[in-house]
Amino acid sequence: MKILLINPPRSPENNILKFAPEEARRFIHKKLIGPPLGLLTIAAAVKDHDVVVFDTKGEYDLEPETPPLEELVLKLLVQHQPDLVGVTTITSEFDFCIDICRTVKQFDPAILTVAGGLHATLCPQDFTDPAFNIVIPGQCPHIFRDVVKALEAGTAFESIPGILINKDGSLHKTTGKPAPWDIIDADYMMPDRNHLKRWIETYKVGNSPFPSTYVYTSLGCPYKCTFCSIWSQFRGKYYQRTVESLITELKTIDEYPVVRFADANTVVDEQFMLQLFKRIDEEGIRKTFVMDIRADVAANRPDIIERLARGGLKVVICGFESFRDEELKKYRKDSPAVDNQEAVKVFEQNGIMVRGNYVVPPDYNLKDFEALAEYADRNRVVYAGYTILTPMPGTVYYQQVKNQIIDNDYRKYNFFNSVMQSTLPHDEFHTRIGALWLIKKGVDVI
Ligand code: B12
Ligand code: SF4
């Protein structure tokens with residue numbers, strides 16, 4: 001069975017960048033770089049077949065002259081002649097996911113198209129376009145394997161629990177419960193990064209001369225911030241991998257000196273992290289680590305931050321979100337603003353570069369912008385990101401404000417575009433956010 005798994009391109013929509021003052025533009029995120037771990041995981045589940053993973057993000061970075069998506073996909077179809085095409089998608093890339101599957105169907109309607117990933121998990125009802133045959137929500141390598149088996153055997157997909165079958169634009173959920181699957185431990189699927197060799201030179205972040213990769217130590221998040229997709233994706237559950245499985249994976253990625261832990265929050269189980277870093281030392285694994293760490297963890301456990309720094313932690317991404325306690329409460333962040341300041345101190349004392357991220361709600365007026373700028377200026381970090389509080393479909397925040405949404409173009413759901421009516425005029429709102437990106441300590445772009 002020939003299987004082609006495609007990672008869609010990035011959404012080009014970025015109104016913060018478009019309206020930002022010229023001098024801020026070079027600091028604003030244009031793209032994030034990293035491996036499609038979801039696709040690599042499902043590729044591992046069907047590794048006995050002839051599987052090709054194609055990262056269109058990597059391809060457009062490697063060869064900017066690569067033809068438009070339709071042409072690129074047609075080329076891949078001719079080259080690989082797949083029986084099944086699988087596509088992963090987050091919200092902002094959903095339109096490209098449809099485009100890819102439509103191209104597949106134009107090329108050969110007999111090719112089975114299967115969609116999965118975060119948006120398929122949070123909003124499976126969106127996948128009614130006839131170009132999709134099957135949607136598999138959730139963490140589903142085993143279910144995907146059953147679909148491949150059924151396709152090979154020519155048996156009915158209806159007997160596979162946990163999938164949605166698209167029949168002429170109407171989705172039919174199969175009955176029954178999927179077999180148990182321990183995604184994080186016994187059934188963990190080690191991603192095979194050999195699929196990504198072609199693009200390794202493009203996986204370089206900022207000024208780093210070395211390629212970086214993502215490794216997850218956990219899935220989900222124990223917190224419940226209203227705007228966040230991650231805990232909804234995992235229905236509030238939190239899964240921790242085992243130390244030894246991480247050590248095994250870290251030993252297989254010598255070609256990546258920089259490792260970003262892809263967790264929602266890397267330090268949740270403190271004993272686990274201490275044990276992991278003890279084993280990293282024992283095994284002589286030397287990497288530069290990048291992690292997402294909550295401000296309250298750093299503020300409350302400086303000893304852990306110090307230990308991780310000794311083990312190679314160099315960059316931390318910290319969701320500050322807001323400088324106002326009442327906003328943090330509204331977002332259910334469970335951490336007061338004072339923790340942000342304390343965390344910065346702890347990280348800096350340990351030589352760790354901080355990327356602090358603020359979210360700007362659409363109702364900010366000029367006074368709010370001034371207050372945020374003043375606070376961010378007093379608490380400068382090396383890199384700072386200022387994005388827009390966005391109602392991602394499937395989140396609590398979406399439910400709270402869905403009647404106020406004025407722009408349903410999913411390509412804009414990447415935190416860089418206001419999809420609600422802003423208090424300031426649209427262009428000025430984005431210009432002011434763009435200008436905030438100048439408030440930071442460093443001169444690097446990351
Ligand atoms: C790694 C990662 C990336 C990587 C790779 C993504 C890719 N496909 O190219 C990179 C760095 C490129 C990336 C980019 C972006 N990302 Co990102 N990213 C993540 C991160 C940290 C981990 C995701 C992950 O790997 N999880 C582990 C894997 C195993 O889980 P999974 O993907 O869900 O896959 C499983 C299932 O879903 C399923 N599955 C997945 N795909 C498929 C396909 C098929 C066919 C099937 C059957 C099943 C299936 O099987 C897998 C195994 O069980 C998450 C945050 C988090 N901690 O979860 C954010 C996250 C997914 N990203 C997000 C966003 C918004 C972005 C950006 C738009 C950010 C930005 N503003 O620029 C950019 C997009 C492009 C750009 N502008 O640069 C949001 C998505 C929100 C949403 N509702 O859409 C998240 C949740 C972060 C957040 N804070 O909200 N990202
Ligand atoms: S914003 Fe961070 S802490 Fe809050 S639920 Fe999402 S991942 Fe967890």
# chains A, B, ... in the order shown; residues from 1 in each chain; ligands from 1

call {"tool": "residues_near_ligand", "arguments": {"ligand": "ligand 2", "cutoff": "7 Å", "atoms": "only C-alpha atoms and all ligand atoms", "output": "number ranges by chain"}}
result
A: 221-225, 228-231, 264-265, 294, 319, 333

call {"tool": "write_last_selection", "arguments": {"atoms": "all heavy atoms", "output": "tab-separated table (two decimals), in the first residue's frame"}}
result
chain	number	residue	atom	x	y	z
A	221	CYS	N	-2.55	19.34	28.75
A	221	CYS	CA	-2.17	20.31	29.78
A	221	CYS	C	-3.16	20.21	30.94
A	221	CYS	O	-4.36	20.08	30.72
A	221	CYS	CB	-2.21	21.73	29.20
A	221	CYS	SG	-1.70	22.96	30.42
A	222	PRO	N	-2.66	20.28	32.19
A	222	PRO	CA	-3.59	20.20	33.32
A	222	PRO	C	-4.34	21.51	33.58
A	222	PRO	O	-5.27	21.54	34.37
A	222	PRO	CB	-2.68	19.87	34.51
A	222	PRO	CG	-1.31	20.27	34.10
A	222	PRO	CD	-1.25	20.30	32.60
A	223	TYR	N	-3.92	22.61	32.93
A	223	TYR	CA	-4.62	23.89	33.14
A	223	TYR	C	-5.74	24.03	32.11
A	223	TYR	O	-5.85	23.22	31.17
A	223	TYR	CB	-3.63	25.05	33.04
A	223	TYR	CG	-2.61	25.00	34.15
A	223	TYR	CD1	-1.42	24.29	33.99
A	223	TYR	CD2	-2.88	25.60	35.37
A	223	TYR	CE1	-0.49	24.20	35.02
A	223	TYR	CE2	-1.95	25.51	36.41
A	223	TYR	CZ	-0.77	24.82	36.23
A	223	TYR	OH	0.13	24.73	37.25
A	224	LYS	N	-6.54	25.08	32.28
A	224	LYS	CA	-7.74	25.19	31.43
A	224	LYS	C	-7.93	26.62	30.94
A	224	LYS	O	-9.01	27.21	31.11
A	224	LYS	CB	-9.01	24.78	32.21
A	224	LYS	CG	-8.94	23.41	32.91
A	224	LYS	CD	-9.57	22.34	32.07
A	224	LYS	CE	-9.41	20.93	32.61
A	224	LYS	NZ	-8.13	20.46	33.04
A	225	CYS	N	-6.92	27.24	30.39
A	225	CYS	CA	-7.05	28.63	29.94
A	225	CYS	C	-8.13	28.71	28.86
A	225	CYS	O	-8.19	27.84	27.96
A	225	CYS	CB	-5.72	29.14	29.41
A	225	CYS	SG	-4.42	29.02	30.64
A	228	CYS	N	-7.26	28.56	24.99
A	228	CYS	CA	-6.26	27.58	24.54
A	228	CYS	C	-6.90	26.33	23.94
A	228	CYS	O	-7.84	25.75	24.49
A	228	CYS	CB	-5.38	27.20	25.72
A	228	CYS	SG	-4.12	26.02	25.27
A	229	SER	N	-6.32	25.90	22.80
A	229	SER	CA	-6.84	24.71	22.10
A	229	SER	C	-6.31	23.41	22.70
A	229	SER	O	-6.89	22.35	22.48
A	229	SER	CB	-6.37	24.71	20.64
A	229	SER	OG	-6.64	25.91	20.00
A	230	ILE	N	-5.18	23.51	23.42
A	230	ILE	CA	-4.46	22.27	23.71
A	230	ILE	C	-5.20	21.39	24.73
A	230	ILE	O	-5.35	20.19	24.53
A	230	ILE	CB	-3.02	22.58	24.19
A	230	ILE	CG1	-2.30	23.37	23.09
A	230	ILE	CG2	-2.26	21.30	24.51
A	230	ILE	CD1	-0.97	23.96	23.52
A	231	TRP	N	-5.68	22.00	25.81
A	231	TRP	CA	-6.36	21.14	26.80
A	231	TRP	C	-7.68	20.63	26.23
A	231	TRP	O	-8.10	19.52	26.54
A	231	TRP	CB	-6.55	21.87	28.13
A	231	TRP	CG	-7.49	23.04	28.14
A	231	TRP	CD1	-7.17	24.34	27.92
A	231	TRP	CD2	-8.89	23.01	28.38
A	231	TRP	NE1	-8.29	25.12	28.01
A	231	TRP	CE2	-9.37	24.34	28.31
A	231	TRP	CE3	-9.82	22.00	28.68
A	231	TRP	CZ2	-10.70	24.68	28.50
A	231	TRP	CZ3	-11.15	22.34	28.87
A	231	TRP	CH2	-11.58	23.67	28.77
A	264	ALA	N	2.87	21.46	25.91
A	264	ALA	CA	2.13	22.65	26.29
A	264	ALA	C	2.87	23.33	27.44
A	264	ALA	O	3.06	24.53	27.46
A	264	ALA	CB	0.72	22.25	26.73
A	265	ASN	N	3.28	22.51	28.38
A	265	ASN	CA	4.05	22.94	29.55
A	265	ASN	C	5.06	21.87	29.84
A	265	ASN	O	4.67	20.75	30.15
A	265	ASN	CB	3.14	22.97	30.79
A	265	ASN	CG	2.39	24.26	30.87
A	265	ASN	OD1	2.98	25.32	30.76
A	265	ASN	ND2	1.11	24.15	31.08
A	294	ARG	N	5.72	27.66	32.40
A	294	ARG	CA	4.83	28.68	32.97
A	294	ARG	C	5.58	29.56	33.96
A	294	ARG	O	6.49	29.10	34.64
A	294	ARG	CB	3.66	27.99	33.69
A	294	ARG	CG	2.56	27.49	32.81
A	294	ARG	CD	1.55	26.71	33.62
A	294	ARG	NE	1.00	27.47	34.73
A	294	ARG	CZ	-0.20	28.06	34.73
A	294	ARG	NH1	-0.97	27.98	33.66
A	294	ARG	NH2	-0.62	28.71	35.79
A	319	GLY	N	4.32	32.07	28.48
A	319	GLY	CA	3.08	32.78	28.14
A	319	GLY	C	2.74	33.78	29.23
A	319	GLY	O	2.09	33.42	30.21
A	333	LYS	N	-5.91	31.72	33.76
A	333	LYS	CA	-4.49	31.38	33.64
A	333	LYS	C	-3.95	30.77	34.94
A	333	LYS	O	-2.93	30.07	34.92
A	333	LYS	CB	-3.72	32.64	33.25
A	333	LYS	CG	-2.25	32.43	32.97
A	333	LYS	CD	-1.99	31.78	31.63
A	333	LYS	CE	-0.57	31.30	31.53
A	333	LYS	NZ	-0.26	30.59	30.31

call {"tool": "residues_near_ligand", "arguments": {"ligand": "ligand 1", "cutoff": "6 Å", "atoms": "only C-alpha atoms and all ligand atoms", "output": "ChimeraX atom specification"}}
result
/A:7,10,31-39,41-42,86-88,90-92,114-118,136,138-141,144,228-230,262-264,392,414-415

call {"tool": "write_last_selection", "arguments": {"atoms": "N, CA, C and O atoms", "output": "compact mmCIF listing (two decimals), in the first residue's frame"}}
result
# COMPACT_ATOMS: atom_id res chain seq x y z
N ASN A 7 2.05 17.57 4.94
CA ASN A 7 1.94 18.67 5.90
C ASN A 7 1.64 19.94 5.10
O ASN A 7 2.43 20.34 4.26
N ARG A 10 2.01 27.03 5.44
CA ARG A 10 1.56 28.01 6.44
C ARG A 10 0.53 28.94 5.82
O ARG A 10 0.61 29.26 4.64
N LYS A 31 7.31 33.02 10.37
CA LYS A 31 7.03 31.58 10.30
C LYS A 31 7.60 30.88 11.52
O LYS A 31 8.57 31.33 12.10
N LEU A 32 6.97 29.78 11.86
CA LEU A 32 7.54 28.91 12.87
C LEU A 32 8.08 27.69 12.13
O LEU A 32 7.55 27.28 11.11
N ILE A 33 9.15 27.15 12.70
CA ILE A 33 9.81 26.05 12.01
C ILE A 33 9.83 24.83 12.92
O ILE A 33 10.18 24.94 14.10
N GLY A 34 9.45 23.69 12.37
CA GLY A 34 9.48 22.49 13.20
C GLY A 34 8.87 21.32 12.45
O GLY A 34 8.19 21.50 11.45
N PRO A 35 9.10 20.12 12.96
CA PRO A 35 8.64 18.93 12.24
C PRO A 35 7.16 18.65 12.47
O PRO A 35 6.64 18.95 13.55
N PRO A 36 6.49 18.08 11.50
CA PRO A 36 5.09 17.69 11.72
C PRO A 36 5.03 16.38 12.51
O PRO A 36 4.94 15.29 11.94
N LEU A 37 5.11 16.50 13.83
CA LEU A 37 5.20 15.30 14.68
C LEU A 37 3.97 14.40 14.54
O LEU A 37 4.08 13.17 14.63
N GLY A 38 2.80 15.00 14.32
CA GLY A 38 1.58 14.21 14.17
C GLY A 38 1.70 13.27 12.97
O GLY A 38 1.44 12.07 13.07
N LEU A 39 2.16 13.82 11.84
CA LEU A 39 2.29 12.98 10.63
C LEU A 39 3.36 11.92 10.82
O LEU A 39 3.20 10.77 10.38
N THR A 41 4.15 10.51 13.52
CA THR A 41 3.61 9.50 14.43
C THR A 41 2.70 8.53 13.68
O THR A 41 2.82 7.31 13.85
N ILE A 42 1.83 9.07 12.84
CA ILE A 42 0.96 8.12 12.12
C ILE A 42 1.75 7.37 11.04
O ILE A 42 1.44 6.22 10.72
N GLY A 86 -2.95 11.26 3.32
CA GLY A 86 -3.35 11.76 4.64
C GLY A 86 -2.85 13.18 4.82
O GLY A 86 -1.73 13.50 4.41
N VAL A 87 -3.68 14.02 5.41
CA VAL A 87 -3.29 15.42 5.63
C VAL A 87 -3.56 15.78 7.09
O VAL A 87 -4.59 15.42 7.64
N THR A 88 -2.61 16.51 7.68
CA THR A 88 -2.80 16.99 9.05
C THR A 88 -3.22 18.45 8.97
O THR A 88 -2.89 19.14 8.00
N ILE A 90 -4.03 22.24 11.39
CA ILE A 90 -4.49 23.13 12.46
C ILE A 90 -5.49 24.09 11.80
O ILE A 90 -5.65 24.08 10.57
N THR A 91 -6.12 24.94 12.59
CA THR A 91 -7.22 25.75 12.07
C THR A 91 -6.78 26.62 10.88
O THR A 91 -7.44 26.62 9.83
N SER A 92 -5.67 27.33 11.03
CA SER A 92 -5.29 28.30 10.00
C SER A 92 -4.85 27.63 8.69
O SER A 92 -4.71 28.30 7.68
N VAL A 114 -7.66 11.05 3.80
CA VAL A 114 -7.90 10.95 5.24
C VAL A 114 -7.35 12.21 5.92
O VAL A 114 -6.21 12.60 5.67
N ALA A 115 -8.20 12.84 6.74
CA ALA A 115 -7.75 14.05 7.45
C ALA A 115 -7.68 13.78 8.94
O ALA A 115 -8.49 13.03 9.49
N GLY A 116 -6.70 14.40 9.59
CA GLY A 116 -6.56 14.28 11.04
C GLY A 116 -5.82 15.47 11.58
O GLY A 116 -5.53 16.42 10.86
N GLY A 117 -5.51 15.43 12.87
CA GLY A 117 -4.78 16.54 13.49
C GLY A 117 -5.68 17.37 14.39
O GLY A 117 -6.85 17.04 14.62
N LEU A 118 -5.13 18.48 14.87
CA LEU A 118 -5.82 19.27 15.89
C LEU A 118 -7.18 19.78 15.44
O LEU A 118 -8.17 19.66 16.17
N ILE A 136 -10.36 11.43 11.02
CA ILE A 136 -10.07 10.68 12.26
C ILE A 136 -9.66 11.68 13.34
O ILE A 136 -8.55 12.17 13.35
N GLY A 138 -8.70 13.02 17.17
CA GLY A 138 -7.99 12.50 18.35
C GLY A 138 -6.62 11.91 18.05
O GLY A 138 -6.10 12.00 16.94
N GLN A 139 -6.07 11.29 19.09
CA GLN A 139 -4.76 10.63 18.97
C GLN A 139 -5.04 9.24 18.42
O GLN A 139 -5.54 8.37 19.12
N CYS A 140 -4.73 9.03 17.16
CA CYS A 140 -5.35 7.91 16.46
C CYS A 140 -4.43 7.06 15.58
O CYS A 140 -4.90 6.53 14.57
N PRO A 141 -3.15 6.88 15.92
CA PRO A 141 -2.30 6.07 15.03
C PRO A 141 -2.89 4.67 14.79
O PRO A 141 -2.83 4.15 13.67
N PHE A 144 -5.85 4.88 12.43
CA PHE A 144 -5.35 5.09 11.06
C PHE A 144 -4.84 3.76 10.49
O PHE A 144 -5.11 3.42 9.33
N CYS A 228 -7.26 28.56 24.99
CA CYS A 228 -6.26 27.58 24.54
C CYS A 228 -6.90 26.33 23.94
O CYS A 228 -7.84 25.75 24.49
N SER A 229 -6.32 25.90 22.80
CA SER A 229 -6.84 24.71 22.10
C SER A 229 -6.31 23.41 22.70
O SER A 229 -6.89 22.35 22.48
N ILE A 230 -5.18 23.51 23.42
CA ILE A 230 -4.46 22.27 23.71
C ILE A 230 -5.20 21.39 24.73
O ILE A 230 -5.35 20.19 24.53
N ALA A 262 8.10 19.98 22.75
CA ALA A 262 6.87 20.46 22.11
C ALA A 262 5.68 20.43 23.06
O ALA A 262 4.55 20.44 22.63
N ASP A 263 5.97 20.40 24.35
CA ASP A 263 4.87 20.29 25.32
C ASP A 263 4.11 21.60 25.45
O ASP A 263 4.67 22.67 25.22
N ALA A 264 2.87 21.46 25.91
CA ALA A 264 2.13 22.65 26.29
C ALA A 264 2.87 23.33 27.44
O ALA A 264 3.06 24.53 27.46
N MET A 392 -10.22 30.57 18.90
CA MET A 392 -9.99 29.38 18.09
C MET A 392 -11.21 28.45 18.22
O MET A 392 -11.62 28.13 19.35
N ASN A 414 -4.54 32.42 13.32
CA ASN A 414 -3.17 32.03 13.70
C ASN A 414 -2.58 33.02 14.69
O ASN A 414 -1.36 33.09 14.85
N PHE A 415 -3.43 33.79 15.34
CA PHE A 415 -3.05 34.76 16.38
C PHE A 415 -2.46 36.06 15.82
O PHE A 415 -2.01 36.90 16.58

call {"tool": "select_by_dssp", "arguments": {"residues": "stretch 381-415 of chain A", "states": "alpha helix (DSSP H)", "output": "list in words"}}
result
Val396, Tyr397, Tyr398, Gln399, Gln400 and Val401 of chain A

call {"tool": "closest_residue", "arguments": {"among": "A:Arg260, A:Arg286, A:His80, A:His29", "to": "A:Tyr383", "atoms": "only C-alpha atoms"}}
result
A:His29

call {"tool": "atom_distance", "arguments": {"atom1": "atom CA of A:Gln240", "atom2": "atom CA of A:Pro393"}}
result
26.0 Å

call {"tool": "residues_around", "arguments": {"residues": "A:Glu244", "least_positions_apart": "5", "cutoff": "10 Å", "atoms": "only C-alpha atoms", "output": "list in words"}}
result
Glu249, Leu250, Gln275, Leu276, Arg279 and Ile280 of chain A

call {"tool": "atom_distance", "arguments": {"atom1": "atom CA of A:Glu59", "atom2": "atom CA of A:Phe416"}}
result
22.9 Å

call {"tool": "residues_around", "arguments": {"residues": "A:Arg324", "least_positions_apart": "2", "cutoff": "9 Å", "atoms": "only C-alpha atoms", "output": "ChimeraX atom specification"}}
result
/A:322,326-329,336-337,372

call {"tool": "write_last_selection", "arguments": {"atoms": "N, CA and C atoms", "output": "PDB file, in the first residue's frame"}}
result
ATOM      1  N   SER A 322      -0.889  38.502  29.975  1.00  0.00           N
ATOM      2  CA  SER A 322      -1.342  39.847  30.324  1.00  0.00           C
ATOM      3  C   SER A 322      -0.548  40.379  31.504  1.00  0.00           C
ATOM      4  N   GLU A 326      -6.795  40.956  36.537  1.00  0.00           N
ATOM      5  CA  GLU A 326      -8.202  40.681  36.196  1.00  0.00           C
ATOM      6  C   GLU A 326      -8.311  39.993  34.823  1.00  0.00           C
ATOM      7  N   GLU A 327      -7.405  40.338  33.907  1.00  0.00           N
ATOM      8  CA  GLU A 327      -7.442  39.650  32.606  1.00  0.00           C
ATOM      9  C   GLU A 327      -6.965  38.201  32.752  1.00  0.00           C
ATOM     10  N   LEU A 328      -5.906  38.015  33.536  1.00  0.00           N
ATOM     11  CA  LEU A 328      -5.395  36.654  33.736  1.00  0.00           C
ATOM     12  C   LEU A 328      -6.468  35.770  34.371  1.00  0.00           C
ATOM     13  N   LYS A 329      -7.227  36.355  35.277  1.00  0.00           N
ATOM     14  CA  LYS A 329      -8.319  35.601  35.915  1.00  0.00           C
ATOM     15  C   LYS A 329      -9.367  35.232  34.884  1.00  0.00           C
ATOM     16  N   PRO A 336      -0.819  34.833  38.790  1.00  0.00           N
ATOM     17  CA  PRO A 336      -0.949  36.298  38.778  1.00  0.00           C
ATOM     18  C   PRO A 336       0.184  36.965  37.998  1.00  0.00           C
ATOM     19  N   ALA A 337      -0.012  38.234  37.633  1.00  0.00           N
ATOM     20  CA  ALA A 337       0.968  38.946  36.807  1.00  0.00           C
ATOM     21  C   ALA A 337       2.326  39.043  37.493  1.00  0.00           C
ATOM     22  N   LEU A 372       0.123  48.540  28.548  1.00  0.00           N
ATOM     23  CA  LEU A 372       0.859  47.303  28.216  1.00  0.00           C
ATOM     24  C   LEU A 372       2.290  47.647  27.796  1.00  0.00           C
TER      25      LEU A 372
END

call {"tool": "closest_residue", "arguments": {"among": "A:Thr431, A:Glu374, A:Thr89, A:Val443", "to": "A:Ser11", "atoms": "only C-alpha atoms"}}
result
A:Thr89

call {"tool": "residues_around", "arguments": {"residues": "stretch 351-363 of chain A", "least_positions_apart": "2", "cutoff": "9 Å", "atoms": "only C-alpha atoms", "output": "PyMOL selection string"}}
result
chain A and resi 309+313-323+340+344+346-349+365+368-369+380-390+415+418-424+429+433+446

call {"tool": "residues_around", "arguments": {"residues": "stretch 146-156 of chain A", "least_positions_apart": "4", "cutoff": "8 Å", "atoms": "only C-alpha atoms", "output": "VMD selection string"}}
result
chain A and resid 1 46 142 160

call {"tool": "atom_distance", "arguments": {"atom1": "atom CA of A:Asn408", "atom2": "atom CA of A:Ile16"}}
result
17.7 Å

call {"tool": "select_by_dssp", "arguments": {"residues": "stretch 61-260 of chain A", "states": "strand (DSSP E)", "output": "number ranges by chain"}}
result
A: 84-88, 112-116, 134-136, 164-167, 170-173, 212-215, 218-220, 238-240, 258-260

call {"tool": "write_last_selection", "arguments": {"atoms": "N, CA, C and O atoms", "output": "compact mmCIF listing (two decimals), in the first residue's frame"}}
result
# COMPACT_ATOMS: atom_id res chain seq x y z
N LEU A 84 -3.49 6.13 -0.77
CA LEU A 84 -4.11 6.91 0.30
C LEU A 84 -3.29 8.18 0.51
O LEU A 84 -2.06 8.14 0.51
N VAL A 85 -3.99 9.30 0.67
CA VAL A 85 -3.30 10.56 1.03
C VAL A 85 -3.85 11.01 2.38
O VAL A 85 -5.07 11.11 2.57
N GLY A 86 -2.95 11.26 3.32
CA GLY A 86 -3.35 11.76 4.64
C GLY A 86 -2.85 13.18 4.82
O GLY A 86 -1.73 13.50 4.41
N VAL A 87 -3.68 14.02 5.41
CA VAL A 87 -3.29 15.42 5.63
C VAL A 87 -3.56 15.78 7.09
O VAL A 87 -4.59 15.42 7.64
N THR A 88 -2.61 16.51 7.68
CA THR A 88 -2.80 16.99 9.05
C THR A 88 -3.22 18.45 8.97
O THR A 88 -2.89 19.14 8.00
N LEU A 112 -7.92 7.31 -1.58
CA LEU A 112 -8.63 7.60 -0.33
C LEU A 112 -7.97 8.80 0.37
O LEU A 112 -6.76 8.82 0.55
N THR A 113 -8.78 9.79 0.74
CA THR A 113 -8.23 10.95 1.47
C THR A 113 -8.64 10.86 2.94
O THR A 113 -9.82 10.63 3.26
N VAL A 114 -7.66 11.05 3.80
CA VAL A 114 -7.90 10.95 5.24
C VAL A 114 -7.35 12.21 5.92
O VAL A 114 -6.21 12.60 5.67
N ALA A 115 -8.20 12.84 6.74
CA ALA A 115 -7.75 14.05 7.45
C ALA A 115 -7.68 13.78 8.94
O ALA A 115 -8.49 13.03 9.49
N GLY A 116 -6.70 14.40 9.59
CA GLY A 116 -6.56 14.28 11.04
C GLY A 116 -5.82 15.47 11.58
O GLY A 116 -5.53 16.42 10.86
N ILE A 134 -12.40 10.37 4.76
CA ILE A 134 -12.46 9.92 6.17
C ILE A 134 -11.80 10.97 7.07
O ILE A 134 -10.76 11.53 6.71
N VAL A 135 -12.41 11.22 8.21
CA VAL A 135 -11.83 12.11 9.21
C VAL A 135 -11.58 11.28 10.47
O VAL A 135 -12.46 10.53 10.90
N ILE A 136 -10.36 11.43 11.02
CA ILE A 136 -10.07 10.68 12.26
C ILE A 136 -9.66 11.68 13.34
O ILE A 136 -8.55 12.17 13.35
N LEU A 164 -15.02 9.23 11.13
CA LEU A 164 -16.18 9.81 10.46
C LEU A 164 -16.04 9.56 8.97
O LEU A 164 -14.97 9.83 8.39
N ILE A 165 -17.10 9.02 8.37
CA ILE A 165 -17.04 8.73 6.94
C ILE A 165 -17.89 9.77 6.23
O ILE A 165 -19.04 10.04 6.62
N ASN A 166 -17.31 10.36 5.21
CA ASN A 166 -18.01 11.41 4.47
C ASN A 166 -18.76 10.78 3.30
O ASN A 166 -18.16 10.21 2.40
N LYS A 167 -20.10 10.87 3.39
CA LYS A 167 -20.90 10.33 2.28
C LYS A 167 -21.63 11.49 1.64
O LYS A 167 -22.56 12.06 2.23
N SER A 170 -21.99 14.48 3.84
CA SER A 170 -22.58 14.32 5.17
C SER A 170 -21.73 13.31 5.94
O SER A 170 -21.38 12.24 5.44
N LEU A 171 -21.39 13.70 7.18
CA LEU A 171 -20.44 12.89 7.95
C LEU A 171 -21.17 11.85 8.80
O LEU A 171 -22.13 12.18 9.51
N HIS A 172 -20.72 10.62 8.72
CA HIS A 172 -21.33 9.53 9.50
C HIS A 172 -20.30 8.98 10.47
O HIS A 172 -19.26 8.47 10.05
N LYS A 173 -20.64 9.08 11.74
CA LYS A 173 -19.72 8.60 12.77
C LYS A 173 -19.92 7.11 12.93
O LYS A 173 -21.07 6.65 13.07
N SER A 212 17.07 22.37 14.39
CA SER A 212 16.41 22.01 15.64
C SER A 212 15.25 21.07 15.33
O SER A 212 14.73 21.06 14.22
N THR A 213 14.88 20.29 16.34
CA THR A 213 13.70 19.46 16.17
C THR A 213 12.84 19.57 17.43
O THR A 213 13.29 20.07 18.46
N TYR A 214 11.61 19.11 17.32
CA TYR A 214 10.71 19.09 18.46
C TYR A 214 10.62 17.66 18.97
O TYR A 214 10.62 16.71 18.19
N VAL A 215 10.54 17.53 20.29
CA VAL A 215 10.31 16.23 20.93
C VAL A 215 9.27 16.50 22.01
O VAL A 215 9.41 17.47 22.75
N SER A 218 5.36 15.29 26.94
CA SER A 218 4.00 15.11 27.47
C SER A 218 3.01 15.53 26.40
O SER A 218 3.38 16.20 25.43
N LEU A 219 1.77 15.15 26.60
CA LEU A 219 0.69 15.63 25.73
C LEU A 219 -0.40 16.21 26.62
O LEU A 219 -0.65 15.71 27.71
N GLY A 220 -1.07 17.26 26.13
CA GLY A 220 -2.15 17.87 26.89
C GLY A 220 -1.63 18.84 27.94
O GLY A 220 -0.42 19.11 28.00
N TYR A 238 -3.83 15.02 30.87
CA TYR A 238 -2.40 15.29 30.74
C TYR A 238 -1.66 13.97 30.75
O TYR A 238 -1.88 13.14 31.63
N TYR A 239 -0.82 13.76 29.75
CA TYR A 239 -0.10 12.48 29.64
C TYR A 239 1.41 12.74 29.68
O TYR A 239 1.91 13.56 28.92
N GLN A 240 2.09 12.01 30.52
CA GLN A 240 3.54 12.18 30.65
C GLN A 240 4.26 10.95 30.08
O GLN A 240 3.92 9.82 30.44
N VAL A 258 19.83 21.23 18.63
CA VAL A 258 18.85 22.03 19.36
C VAL A 258 17.53 21.26 19.44
O VAL A 258 17.00 20.83 18.42
N VAL A 259 17.04 21.07 20.66
CA VAL A 259 15.79 20.32 20.84
C VAL A 259 14.78 21.20 21.55
O VAL A 259 15.03 21.68 22.66
N ARG A 260 13.65 21.39 20.88
CA ARG A 260 12.57 22.12 21.56
C ARG A 260 11.55 21.11 22.06
O ARG A 260 11.05 20.30 21.26

call {"tool": "closest_residue", "arguments": {"among": "A:Lys237, A:Leu366, A:Ala298, A:Met190", "to": "A:Gln341", "atoms": "only C-alpha atoms"}}
result
A:Ala298
